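Participant: One structure coming up, written as structure tokens, with questions to follow.
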Amino acid sequence: MAKTRVLILKTGTTYADIRAGFGDFEDWFIQGLSPELDLQVLDLPHGEQPGNPGDWDGIVVTGSPAMVSDRESWSEEAAAWLGGAVRAGIPVLGVCYGHQLLAHALGGTVGYHPLGRETGTKDVELYAEADQDPLFRGLPRRFRAQLTHKQSVLSLPPEAVLLGRSGFEPHQAFRVGDCAWGVQFHPEFTDAIMKAYLEIQAPELDREGLDARALLDEVTAAPEASSLLRRFSELVINRRA
């Protein structure tokens with residue numbers, strides 16, 4: 001029997017120094033997703049096209065240094081394509097930029113968070129709705145997660161179910177329908193990757209009034225957040241079966 005096919009939509013690339021030490025966005029997802037999946041990566045900003053959503057058993061959308069509100073042509077095309085994938089019932093997991101792009105695609109609003117940047121290891125708190133969610137059920141109501149973003153989902157798509165929040169970000173996780181999720185946090189980040197981001201961001205963080213040293217000291221592993229990639233893998237495999 002052929003493997004379950006999952007498409008990783010790459011929406012950008014990380015800092016060169018991080019790429020040299022840890023690889024790029026798609027590498028982190030490949031490491032976190034199940035080895036039982038047949039994974040393919042398509043680079044959207046470089047013009048690669050994903051074809052028919054029905055060609056895939058599942059779709060993952062990465063983070064990006066781009067901004068959804070800039071409405072670049074490749075991003076708007078991807079948003080329209082994602083909307084079609086959701087309507088077709090293909091499981092989707094959007095992460096950070098992918099979370100925002102999914103919300104935009106389905107009628108939500110995306111823009112800069114009014115209080116600025118959220119970065120570092122933070123607590124995510126789940127709502128009661130997560131207890132019955134196919135992806136989140138069984139996770140503790142509060143867990144640690146890696147975060148780094150300036151833009152946010154300012155308003156959710158119609159009919160979205162809000163699943164989680166942080167003290168800074170009210171829309172950390174949502175679901176639309178029965179198999180499309182957006183998460184603002186980064187399940188693909190290790191604590192080492194999070195530290196590498198903070199080290200690069202440190203001068204900007206200090207200028208913004210954030211304490212880069214304290215944020216670095218607070219970084220911890222986030223296994224519950226990271227488990228979402230295996231959870232999504234299993235969900236896609238089981239739906240196909």
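Chains: A, B, ... in order of the structure tokens. Residues: from 1 per chain. Ligands: from 1, in order shown.
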Please identify all polymer residues within 6 Å of region 121-131 of chain A, counting only C-alpha atoms, omitting same-chain residues fewer than 5 positions from it, and present them as a PyMOL selection string.

Facilitator: chain A and resi 136-137+141-146+163-166+219

Participant: So that I can check the surroundings of region 48-51 of chain A, please list as a list in words every protein, DNA and RNA residue that reaches within 10 Å of it, counting only C-alpha atoms and ignoring chain neighbours fewer than 3 positions away.

Facilitator: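 After dropping sequence-adjacent residues, the list is Leu7, Ile8, Leu9, Lys10, Gln40, Val41, Leu42, Asp43, Leu44, Pro45, Gly54, Asp55, Trp56, Trp74, Glu77, Ala78 and Trp81 of chain A.
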
Participant: Produce a file of the selected residues containing all heavy atoms, as a short mmCIF file (atom, residue, chain, number, x, y, z; two decimals), in the first residue's frame.

Facilitator:
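In the end it all went to part.cif:
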data_model
loop_
_atom_site.label_atom_id
_atom_site.label_comp_id
_atom_site.auth_asym_id
_atom_site.auth_seq_id
_atom_site.Cartn_x
_atom_site.Cartn_y
_atom_site.Cartn_z
N LEU A 7 1.83 17.17 1.83
CA LEU A 7 2.53 18.28 1.18
C LEU A 7 2.94 19.31 2.22
O LEU A 7 2.12 19.76 3.02
CB LEU A 7 1.60 18.93 0.15
CG LEU A 7 2.12 20.19 -0.55
CD1 LEU A 7 3.36 19.88 -1.38
CD2 LEU A 7 1.03 20.80 -1.42
N ILE A 8 4.21 19.69 2.21
CA ILE A 8 4.71 20.79 3.04
C ILE A 8 4.83 22.01 2.14
O ILE A 8 5.66 22.05 1.22
CB ILE A 8 6.06 20.46 3.68
CG1 ILE A 8 5.93 19.23 4.60
CG2 ILE A 8 6.60 21.66 4.46
CD1 ILE A 8 7.26 18.74 5.16
N LEU A 9 3.98 23.00 2.38
CA LEU A 9 4.04 24.25 1.63
C LEU A 9 5.01 25.19 2.33
O LEU A 9 4.74 25.70 3.42
CB LEU A 9 2.65 24.90 1.54
CG LEU A 9 1.63 24.20 0.65
CD1 LEU A 9 0.30 24.92 0.71
CD2 LEU A 9 2.12 24.12 -0.79
N LYS A 10 6.15 25.39 1.73
CA LYS A 10 7.20 26.26 2.27
C LYS A 10 6.90 27.69 1.86
O LYS A 10 6.81 28.01 0.68
CB LYS A 10 8.57 25.82 1.76
CG LYS A 10 9.72 26.65 2.28
CD LYS A 10 11.05 26.10 1.78
CE LYS A 10 12.21 26.96 2.29
NZ LYS A 10 13.51 26.40 1.93
N GLN A 40 6.40 15.72 0.57
CA GLN A 40 6.93 16.51 -0.54
C GLN A 40 6.90 17.97 -0.14
O GLN A 40 5.93 18.45 0.45
CB GLN A 40 6.13 16.30 -1.81
CG GLN A 40 6.71 17.08 -3.00
CD GLN A 40 6.08 16.68 -4.32
OE1 GLN A 40 5.53 15.60 -4.47
NE2 GLN A 40 6.17 17.57 -5.31
N VAL A 41 7.96 18.70 -0.48
CA VAL A 41 8.08 20.12 -0.16
C VAL A 41 7.94 20.93 -1.44
O VAL A 41 8.58 20.62 -2.46
CB VAL A 41 9.44 20.43 0.50
CG1 VAL A 41 9.56 21.92 0.81
CG2 VAL A 41 9.64 19.60 1.76
N LEU A 42 7.11 21.97 -1.41
CA LEU A 42 6.99 22.91 -2.52
C LEU A 42 7.26 24.32 -1.99
O LEU A 42 6.73 24.72 -0.96
CB LEU A 42 5.59 22.86 -3.15
CG LEU A 42 5.27 21.61 -3.96
CD1 LEU A 42 3.85 21.67 -4.47
CD2 LEU A 42 6.23 21.45 -5.14
N ASP A 43 8.11 25.05 -2.71
CA ASP A 43 8.55 26.38 -2.31
C ASP A 43 7.67 27.43 -3.02
O ASP A 43 7.89 27.76 -4.18
CB ASP A 43 10.02 26.57 -2.68
CG ASP A 43 10.64 27.81 -2.06
OD1 ASP A 43 9.91 28.79 -1.84
OD2 ASP A 43 11.86 27.79 -1.82
N LEU A 44 6.69 27.94 -2.30
CA LEU A 44 5.72 28.86 -2.92
C LEU A 44 6.33 30.18 -3.37
O LEU A 44 6.05 30.63 -4.48
CB LEU A 44 4.56 29.11 -1.95
CG LEU A 44 3.67 27.91 -1.64
CD1 LEU A 44 2.61 28.28 -0.62
CD2 LEU A 44 3.03 27.37 -2.90
N PRO A 45 7.16 30.86 -2.54
CA PRO A 45 7.70 32.14 -3.02
C PRO A 45 8.57 32.01 -4.26
O PRO A 45 8.75 32.99 -4.98
CB PRO A 45 8.52 32.64 -1.82
CG PRO A 45 7.92 31.97 -0.63
CD PRO A 45 7.51 30.63 -1.13
N GLY A 54 -6.68 17.70 -3.99
CA GLY A 54 -7.05 16.30 -3.84
C GLY A 54 -5.92 15.32 -4.11
O GLY A 54 -6.06 14.13 -3.84
N ASP A 55 -4.79 15.80 -4.62
CA ASP A 55 -3.63 14.95 -4.82
C ASP A 55 -2.96 14.57 -3.50
O ASP A 55 -2.07 13.71 -3.49
CB ASP A 55 -2.60 15.64 -5.72
CG ASP A 55 -3.09 15.83 -7.14
OD1 ASP A 55 -4.04 15.14 -7.55
OD2 ASP A 55 -2.52 16.70 -7.84
N TRP A 56 -3.35 15.25 -2.41
CA TRP A 56 -2.66 15.11 -1.14
C TRP A 56 -3.60 14.59 -0.08
O TRP A 56 -4.79 14.92 -0.05
CB TRP A 56 -2.07 16.47 -0.70
CG TRP A 56 -1.26 17.07 -1.80
CD1 TRP A 56 -1.63 18.05 -2.68
CD2 TRP A 56 0.07 16.69 -2.18
NE1 TRP A 56 -0.62 18.30 -3.57
CE2 TRP A 56 0.43 17.48 -3.30
CE3 TRP A 56 0.98 15.76 -1.68
CZ2 TRP A 56 1.67 17.37 -3.91
CZ3 TRP A 56 2.22 15.64 -2.30
CH2 TRP A 56 2.55 16.44 -3.40
N TRP A 74 2.09 35.40 -4.63
CA TRP A 74 2.21 33.97 -4.33
C TRP A 74 1.40 33.61 -3.09
O TRP A 74 0.82 32.51 -3.01
CB TRP A 74 3.68 33.57 -4.14
CG TRP A 74 4.36 34.20 -2.96
CD1 TRP A 74 5.14 35.31 -2.94
CD2 TRP A 74 4.32 33.74 -1.59
NE1 TRP A 74 5.58 35.59 -1.66
CE2 TRP A 74 5.09 34.64 -0.82
CE3 TRP A 74 3.69 32.66 -0.96
CZ2 TRP A 74 5.25 34.50 0.56
CZ3 TRP A 74 3.85 32.51 0.42
CH2 TRP A 74 4.64 33.43 1.16
N GLU A 77 -2.37 33.64 -3.90
CA GLU A 77 -2.69 32.41 -4.64
C GLU A 77 -2.73 31.21 -3.72
O GLU A 77 -3.60 30.33 -3.84
CB GLU A 77 -1.66 32.20 -5.75
CG GLU A 77 -1.75 33.23 -6.88
CD GLU A 77 -0.55 33.20 -7.80
OE1 GLU A 77 0.30 32.29 -7.65
OE2 GLU A 77 -0.45 34.09 -8.67
N ALA A 78 -1.80 31.16 -2.77
CA ALA A 78 -1.78 30.06 -1.81
C ALA A 78 -3.02 30.09 -0.91
O ALA A 78 -3.57 29.05 -0.56
CB ALA A 78 -0.51 30.12 -0.97
N TRP A 81 -5.87 28.66 -2.81
CA TRP A 81 -5.67 27.22 -2.92
C TRP A 81 -6.02 26.53 -1.60
O TRP A 81 -6.68 25.48 -1.59
CB TRP A 81 -4.23 26.94 -3.32
CG TRP A 81 -3.93 25.53 -3.66
CD1 TRP A 81 -4.06 24.92 -4.88
CD2 TRP A 81 -3.45 24.51 -2.76
NE1 TRP A 81 -3.68 23.60 -4.80
CE2 TRP A 81 -3.30 23.33 -3.52
CE3 TRP A 81 -3.12 24.50 -1.41
CZ2 TRP A 81 -2.85 22.14 -2.95
CZ3 TRP A 81 -2.67 23.32 -0.84
CH2 TRP A 81 -2.53 22.16 -1.61
#

Participant: Looking at A:Ala88, A:Met67, A:Ala222, A:Leu106, which one is nearest to Lys150 (chain A), with distances taken over only C-alpha atoms?

Facilitator: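 Smallest distance to Lys150 (chain A) is found for A:Met67.
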
Participant: Neighbouring residues of Ser227 (chain A) were defined as those with any atom within 10 Å, considering only C-alpha atoms; residues of the same chain fewer than 2 positions away were excluded. Please report them as an mmCIF file with all heavy atoms, in the first residue's frame.

Facilitator:
data_model
loop_
_atom_site.group_PDB
_atom_site.id
_atom_site.type_symbol
_atom_site.label_atom_id
_atom_site.label_comp_id
_atom_site.auth_asym_id
_atom_site.auth_seq_id
_atom_site.Cartn_x
_atom_site.Cartn_y
_atom_site.Cartn_z
ATOM 1 N N GLY A 32 9.829 16.341 12.556
ATOM 2 C CA GLY A 32 8.758 16.181 13.536
ATOM 3 C C GLY A 32 7.589 15.345 13.071
ATOM 4 O O GLY A 32 6.887 14.736 13.888
ATOM 5 N N LEU A 33 7.342 15.300 11.759
ATOM 6 C CA LEU A 33 6.255 14.499 11.226
ATOM 7 C C LEU A 33 6.640 13.019 11.183
ATOM 8 O O LEU A 33 7.814 12.672 11.276
ATOM 9 C CB LEU A 33 5.888 14.997 9.826
ATOM 10 C CG LEU A 33 5.245 16.384 9.763
ATOM 11 C CD1 LEU A 33 5.307 16.942 8.334
ATOM 12 C CD2 LEU A 33 3.800 16.357 10.258
ATOM 13 N N LEU A 135 -7.344 16.886 17.107
ATOM 14 C CA LEU A 135 -5.889 17.071 17.148
ATOM 15 C C LEU A 135 -5.390 17.349 18.560
ATOM 16 O O LEU A 135 -4.316 16.876 18.948
ATOM 17 C CB LEU A 135 -5.495 18.224 16.220
ATOM 18 C CG LEU A 135 -4.007 18.480 16.017
ATOM 19 C CD1 LEU A 135 -3.319 17.281 15.381
ATOM 20 C CD2 LEU A 135 -3.789 19.732 15.160
ATOM 21 N N PHE A 136 -6.133 18.103 19.341
ATOM 22 C CA PHE A 136 -5.653 18.596 20.636
ATOM 23 C C PHE A 136 -6.088 17.758 21.830
ATOM 24 O O PHE A 136 -5.502 17.901 22.907
ATOM 25 C CB PHE A 136 -6.122 20.042 20.844
ATOM 26 C CG PHE A 136 -5.296 21.060 20.132
ATOM 27 C CD1 PHE A 136 -5.525 21.377 18.811
ATOM 28 C CD2 PHE A 136 -4.260 21.725 20.787
ATOM 29 C CE1 PHE A 136 -4.765 22.321 18.146
ATOM 30 C CE2 PHE A 136 -3.495 22.677 20.137
ATOM 31 C CZ PHE A 136 -3.746 22.971 18.807
ATOM 32 N N LEU A 139 -4.118 16.631 25.336
ATOM 33 C CA LEU A 139 -3.046 17.530 25.776
ATOM 34 C C LEU A 139 -3.447 18.204 27.088
ATOM 35 O O LEU A 139 -4.636 18.425 27.339
ATOM 36 C CB LEU A 139 -2.787 18.601 24.716
ATOM 37 C CG LEU A 139 -1.971 18.194 23.494
ATOM 38 C CD1 LEU A 139 -1.927 19.338 22.479
ATOM 39 C CD2 LEU A 139 -0.563 17.791 23.884
ATOM 40 N N PRO A 187 5.316 24.212 16.614
ATOM 41 C CA PRO A 187 5.599 22.854 17.085
ATOM 42 C C PRO A 187 6.868 22.268 16.497
ATOM 43 O O PRO A 187 7.413 21.289 17.031
ATOM 44 C CB PRO A 187 4.354 22.071 16.632
ATOM 45 C CG PRO A 187 3.783 22.851 15.499
ATOM 46 C CD PRO A 187 4.085 24.281 15.815
ATOM 47 N N GLU A 188 7.359 22.842 15.398
ATOM 48 C CA GLU A 188 8.567 22.329 14.741
ATOM 49 C C GLU A 188 9.854 22.849 15.369
ATOM 50 O O GLU A 188 10.943 22.337 15.060
ATOM 51 C CB GLU A 188 8.530 22.660 13.240
ATOM 52 C CG GLU A 188 8.923 24.076 12.878
ATOM 53 C CD GLU A 188 7.852 25.135 13.087
ATOM 54 O OE1 GLU A 188 6.876 24.870 13.828
ATOM 55 O OE2 GLU A 188 7.986 26.234 12.522
ATOM 56 N N ALA A 222 9.619 22.051 24.698
ATOM 57 C CA ALA A 222 8.158 22.167 24.623
ATOM 58 C C ALA A 222 7.585 20.900 23.981
ATOM 59 O O ALA A 222 7.041 20.944 22.883
ATOM 60 C CB ALA A 222 7.768 23.422 23.836
ATOM 61 N N PRO A 223 7.699 19.759 24.668
ATOM 62 C CA PRO A 223 7.323 18.483 24.036
ATOM 63 C C PRO A 223 5.839 18.367 23.711
ATOM 64 O O PRO A 223 5.482 17.720 22.719
ATOM 65 C CB PRO A 223 7.758 17.438 25.066
ATOM 66 C CG PRO A 223 7.830 18.179 26.370
ATOM 67 C CD PRO A 223 8.263 19.562 26.019
ATOM 68 N N GLU A 224 4.969 18.969 24.532
ATOM 69 C CA GLU A 224 3.537 18.871 24.236
ATOM 70 C C GLU A 224 3.203 19.608 22.945
ATOM 71 O O GLU A 224 2.446 19.109 22.098
ATOM 72 C CB GLU A 224 2.700 19.419 25.397
ATOM 73 C CG GLU A 224 2.760 18.587 26.665
ATOM 74 C CD GLU A 224 3.933 18.968 27.559
ATOM 75 O OE1 GLU A 224 4.669 19.908 27.214
ATOM 76 O OE2 GLU A 224 4.090 18.325 28.608
ATOM 77 N N ALA A 225 3.768 20.800 22.766
ATOM 78 C CA ALA A 225 3.547 21.535 21.525
ATOM 79 C C ALA A 225 4.111 20.757 20.340
ATOM 80 O O ALA A 225 3.463 20.626 19.292
ATOM 81 C CB ALA A 225 4.178 22.927 21.609
ATOM 82 N N LEU A 229 2.828 17.636 15.679
ATOM 83 C CA LEU A 229 3.233 17.152 14.360
ATOM 84 C C LEU A 229 2.985 15.649 14.229
ATOM 85 O O LEU A 229 2.497 15.181 13.198
ATOM 86 C CB LEU A 229 4.688 17.502 14.089
ATOM 87 C CG LEU A 229 5.000 18.998 14.039
ATOM 88 C CD1 LEU A 229 6.468 19.220 13.695
ATOM 89 C CD2 LEU A 229 4.114 19.728 13.059
ATOM 90 N N ARG A 230 3.314 14.880 15.268
ATOM 91 C CA ARG A 230 3.018 13.448 15.232
ATOM 92 C C ARG A 230 1.507 13.211 15.307
ATOM 93 O O ARG A 230 0.976 12.311 14.645
ATOM 94 C CB ARG A 230 3.730 12.725 16.380
ATOM 95 C CG ARG A 230 5.223 12.521 16.152
ATOM 96 C CD ARG A 230 5.476 11.720 14.880
ATOM 97 N NE ARG A 230 6.888 11.487 14.651
ATOM 98 C CZ ARG A 230 7.520 10.349 14.909
ATOM 99 N NH1 ARG A 230 6.863 9.331 15.426
ATOM 100 N NH2 ARG A 230 8.796 10.229 14.650
ATOM 101 N N ARG A 231 0.818 14.024 16.094
ATOM 102 C CA ARG A 231 -0.635 13.898 16.189
ATOM 103 C C ARG A 231 -1.283 14.146 14.827
ATOM 104 O O ARG A 231 -2.192 13.414 14.418
ATOM 105 C CB ARG A 231 -1.182 14.881 17.218
ATOM 106 C CG ARG A 231 -0.893 14.525 18.660
ATOM 107 C CD ARG A 231 -1.157 15.704 19.597
ATOM 108 N NE ARG A 231 -1.124 15.282 20.984
ATOM 109 C CZ ARG A 231 -2.186 14.927 21.694
ATOM 110 N NH1 ARG A 231 -3.390 14.974 21.144
ATOM 111 N NH2 ARG A 231 -2.071 14.536 22.946
ATOM 112 N N PHE A 232 -0.819 15.173 14.135
ATOM 113 C CA PHE A 232 -1.374 15.473 12.820
ATOM 114 C C PHE A 232 -1.047 14.335 11.847
ATOM 115 O O PHE A 232 -1.895 13.930 11.044
ATOM 116 C CB PHE A 232 -0.822 16.799 12.306
ATOM 117 C CG PHE A 232 -1.402 17.227 10.983
ATOM 118 C CD1 PHE A 232 -2.698 17.708 10.892
ATOM 119 C CD2 PHE A 232 -0.644 17.148 9.830
ATOM 120 C CE1 PHE A 232 -3.239 18.087 9.668
ATOM 121 C CE2 PHE A 232 -1.172 17.535 8.594
ATOM 122 C CZ PHE A 232 -2.472 18.004 8.527
ATOM 123 N N SER A 233 0.170 13.816 11.929
ATOM 124 C CA SER A 233 0.556 12.683 11.076
ATOM 125 C C SER A 233 -0.404 11.513 11.270
ATOM 126 O O SER A 233 -0.900 10.916 10.296
ATOM 127 C CB SER A 233 1.979 12.233 11.403
ATOM 128 O OG SER A 233 2.925 13.257 11.242
#

Participant: Tell me which of A:Gly116, A:Val68, A:Ala192, A:Ala221 sits closest to Leu205 (chain A), counting only C-alpha atoms.

Facilitator: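 Closest candidate: A:Gly116.
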
Participant: Write out as a compact mmCIF listing (two decimals) with N, CA and C atoms, in the first residue's frame each polymer residue whose atoms come within 12 Å of Phe25 (chain A), counting only C-alpha atoms; drop sequence neighbours fewer than 4 positions from it.

Facilitator:
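part-v1.txt written:
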# COMPACT_ATOMS: atom_id res chain seq x y z
N ILE A 8 4.21 19.69 2.21
CA ILE A 8 4.71 20.79 3.04
C ILE A 8 4.83 22.01 2.14
N LEU A 9 3.98 23.00 2.38
CA LEU A 9 4.04 24.25 1.63
C LEU A 9 5.01 25.19 2.33
N LYS A 10 6.15 25.39 1.73
CA LYS A 10 7.20 26.26 2.27
C LYS A 10 6.90 27.69 1.86
N THR A 11 6.78 28.57 2.85
CA THR A 11 6.37 29.95 2.58
C THR A 11 7.49 30.97 2.82
N GLY A 12 8.70 30.48 2.99
CA GLY A 12 9.84 31.38 3.20
C GLY A 12 11.03 30.58 3.67
N THR A 13 12.05 31.29 4.12
CA THR A 13 13.28 30.65 4.59
C THR A 13 13.77 31.38 5.83
N THR A 14 14.50 30.67 6.68
CA THR A 14 14.95 31.24 7.93
C THR A 14 16.24 32.04 7.73
N TYR A 15 16.74 32.63 8.81
CA TYR A 15 18.01 33.37 8.78
C TYR A 15 19.14 32.46 8.30
N ALA A 16 20.09 33.03 7.59
CA ALA A 16 21.19 32.24 7.03
C ALA A 16 21.99 31.53 8.13
N ILE A 18 20.97 30.51 11.05
CA ILE A 18 20.19 29.39 11.58
C ILE A 18 20.15 28.26 10.57
N ARG A 19 19.99 28.60 9.31
CA ARG A 19 19.96 27.59 8.26
C ARG A 19 21.26 26.79 8.23
N ALA A 20 22.38 27.48 8.44
CA ALA A 20 23.67 26.80 8.43
C ALA A 20 23.81 25.80 9.58
N PHE A 29 10.06 20.41 10.01
CA PHE A 29 8.79 19.70 9.90
C PHE A 29 9.01 18.23 9.53
N ILE A 30 9.93 17.98 8.63
CA ILE A 30 10.22 16.60 8.23
C ILE A 30 10.68 15.80 9.45
N GLN A 31 11.47 16.42 10.30
CA GLN A 31 11.95 15.72 11.49
C GLN A 31 10.81 15.43 12.46
N GLY A 32 9.83 16.34 12.56
CA GLY A 32 8.76 16.18 13.54
C GLY A 32 7.59 15.35 13.07
N VAL A 41 7.96 18.70 -0.48
CA VAL A 41 8.08 20.12 -0.16
C VAL A 41 7.94 20.93 -1.44
N LEU A 42 7.11 21.97 -1.41
CA LEU A 42 6.99 22.91 -2.52
C LEU A 42 7.26 24.32 -1.99
N ASP A 43 8.11 25.05 -2.71
CA ASP A 43 8.55 26.38 -2.31
C ASP A 43 7.67 27.43 -3.02
N VAL A 60 0.64 20.74 5.19
CA VAL A 60 1.24 21.52 6.27
C VAL A 60 1.78 22.81 5.65
N VAL A 61 1.52 23.94 6.31
CA VAL A 61 1.99 25.23 5.81
C VAL A 61 2.95 25.82 6.84
N THR A 62 4.16 26.16 6.40
CA THR A 62 5.22 26.60 7.30
C THR A 62 5.08 28.06 7.70
N GLY A 63 5.97 28.48 8.59
CA GLY A 63 6.15 29.88 8.90
C GLY A 63 6.94 30.59 7.81
N SER A 64 7.09 31.91 7.99
CA SER A 64 7.75 32.72 6.97
C SER A 64 8.16 34.06 7.56
N PRO A 65 9.24 34.67 7.04
CA PRO A 65 9.54 36.06 7.40
C PRO A 65 8.63 37.05 6.67
N VAL A 95 1.02 26.74 10.40
CA VAL A 95 1.86 27.11 11.53
C VAL A 95 2.39 28.53 11.33
N CYS A 96 2.17 29.40 12.30
CA CYS A 96 2.64 30.79 12.31
C CYS A 96 2.13 31.52 11.06
N TYR A 97 2.97 31.77 10.07
CA TYR A 97 2.47 32.35 8.82
C TYR A 97 1.37 31.48 8.24
N GLY A 98 1.55 30.17 8.31
CA GLY A 98 0.53 29.26 7.79
C GLY A 98 -0.79 29.39 8.54
N HIS A 186 5.05 27.40 17.32
CA HIS A 186 5.88 26.61 16.42
C HIS A 186 6.13 25.21 16.97
N PRO A 187 5.32 24.21 16.61
CA PRO A 187 5.60 22.85 17.08
C PRO A 187 6.87 22.27 16.50
N GLU A 188 7.36 22.84 15.40
CA GLU A 188 8.57 22.33 14.74
C GLU A 188 9.85 22.85 15.37
N PHE A 189 9.78 23.86 16.23
CA PHE A 189 10.98 24.43 16.86
C PHE A 189 11.45 23.54 18.01
N THR A 190 12.75 23.30 18.08
CA THR A 190 13.36 22.79 19.30
C THR A 190 13.75 23.97 20.18
N ILE A 193 16.68 25.77 18.55
CA ILE A 193 16.29 26.69 17.48
C ILE A 193 15.70 27.96 18.06

Participant: Go through region 91-229 of chain A and collect every residue that DSSP, computed from the backbone, puts in strand (DSSP E); the answer should be as JSON, numbers by chain.

Facilitator: {"A": [92, 93, 94, 95, 109, 110, 111, 112, 118, 119, 120, 121, 122, 123, 124, 125, 126, 142, 143, 144, 145, 146, 147, 148, 149, 151, 152, 153, 154, 155, 161, 162, 163, 164, 165, 173, 174, 175, 176, 180, 181, 182, 183]}

Participant: Take CA of Gln151 (chain A) and CA of Glu76 (chain A) and report the distance between them in Å, one decimal.

Facilitator: 16.4 Å

Participant: Can you pull out every residue within 10 Å of Leu102 (chain A), counting only C-alpha atoms, but drop anything in the same chain fewer than 3 positions away, and send it as a VMD selection string?

Facilitator: chain A and resid 61 68 78 to 83 86 92 to 99 105 to 108 110 153 156 to 157 176 180 to 183

Participant: Please dump the current selection as an mmCIF file, in the first residue's frame; keep C-alpha atoms.

Facilitator:
data_model
loop_
_atom_site.group_PDB
_atom_site.id
_atom_site.type_symbol
_atom_site.label_atom_id
_atom_site.label_comp_id
_atom_site.auth_asym_id
_atom_site.auth_seq_id
_atom_site.Cartn_x
_atom_site.Cartn_y
_atom_site.Cartn_z
ATOM 1 C CA VAL A 61 1.989 25.232 5.813
ATOM 2 C CA VAL A 68 0.302 37.983 5.191
ATOM 3 C CA ALA A 78 -1.784 30.057 -1.808
ATOM 4 C CA ALA A 79 -4.645 31.423 0.301
ATOM 5 C CA ALA A 80 -7.146 30.709 -2.482
ATOM 6 C CA TRP A 81 -5.669 27.221 -2.915
ATOM 7 C CA LEU A 82 -5.905 26.539 0.845
ATOM 8 C CA GLY A 83 -9.526 27.602 0.849
ATOM 9 C CA VAL A 86 -10.415 23.028 3.253
ATOM 10 C CA VAL A 92 -4.532 21.127 6.900
ATOM 11 C CA LEU A 93 -2.132 22.325 9.594
ATOM 12 C CA GLY A 94 -0.981 25.939 9.279
ATOM 13 C CA VAL A 95 1.859 27.113 11.534
ATOM 14 C CA CYS A 96 2.635 30.793 12.314
ATOM 15 C CA TYR A 97 2.473 32.351 8.824
ATOM 16 C CA GLY A 98 0.528 29.258 7.795
ATOM 17 C CA HIS A 99 -1.913 29.832 10.675
ATOM 18 C CA ALA A 105 -8.067 32.360 3.310
ATOM 19 C CA LEU A 106 -11.233 31.531 5.246
ATOM 20 C CA GLY A 107 -12.392 35.079 5.983
ATOM 21 C CA GLY A 108 -10.444 36.083 9.089
ATOM 22 C CA VAL A 110 -4.558 39.287 9.826
ATOM 23 C CA VAL A 153 -4.916 36.582 13.516
ATOM 24 C CA LEU A 156 -11.049 34.494 13.389
ATOM 25 C CA PRO A 157 -12.778 33.152 10.286
ATOM 26 C CA VAL A 176 -12.373 25.254 10.940
ATOM 27 C CA ALA A 180 -8.221 22.314 9.309
ATOM 28 C CA TRP A 181 -6.125 23.843 12.091
ATOM 29 C CA GLY A 182 -4.044 26.949 12.574
ATOM 30 C CA VAL A 183 -1.497 27.337 15.380
#

Participant: How far is it from CA of Glu169 (chain A) to CA of Gly209 (chain A), in Å with one decimal?

Facilitator: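 Between CA of Glu169 (chain A) and CA of Gly209 (chain A) the gap works out to 18.0 Å.
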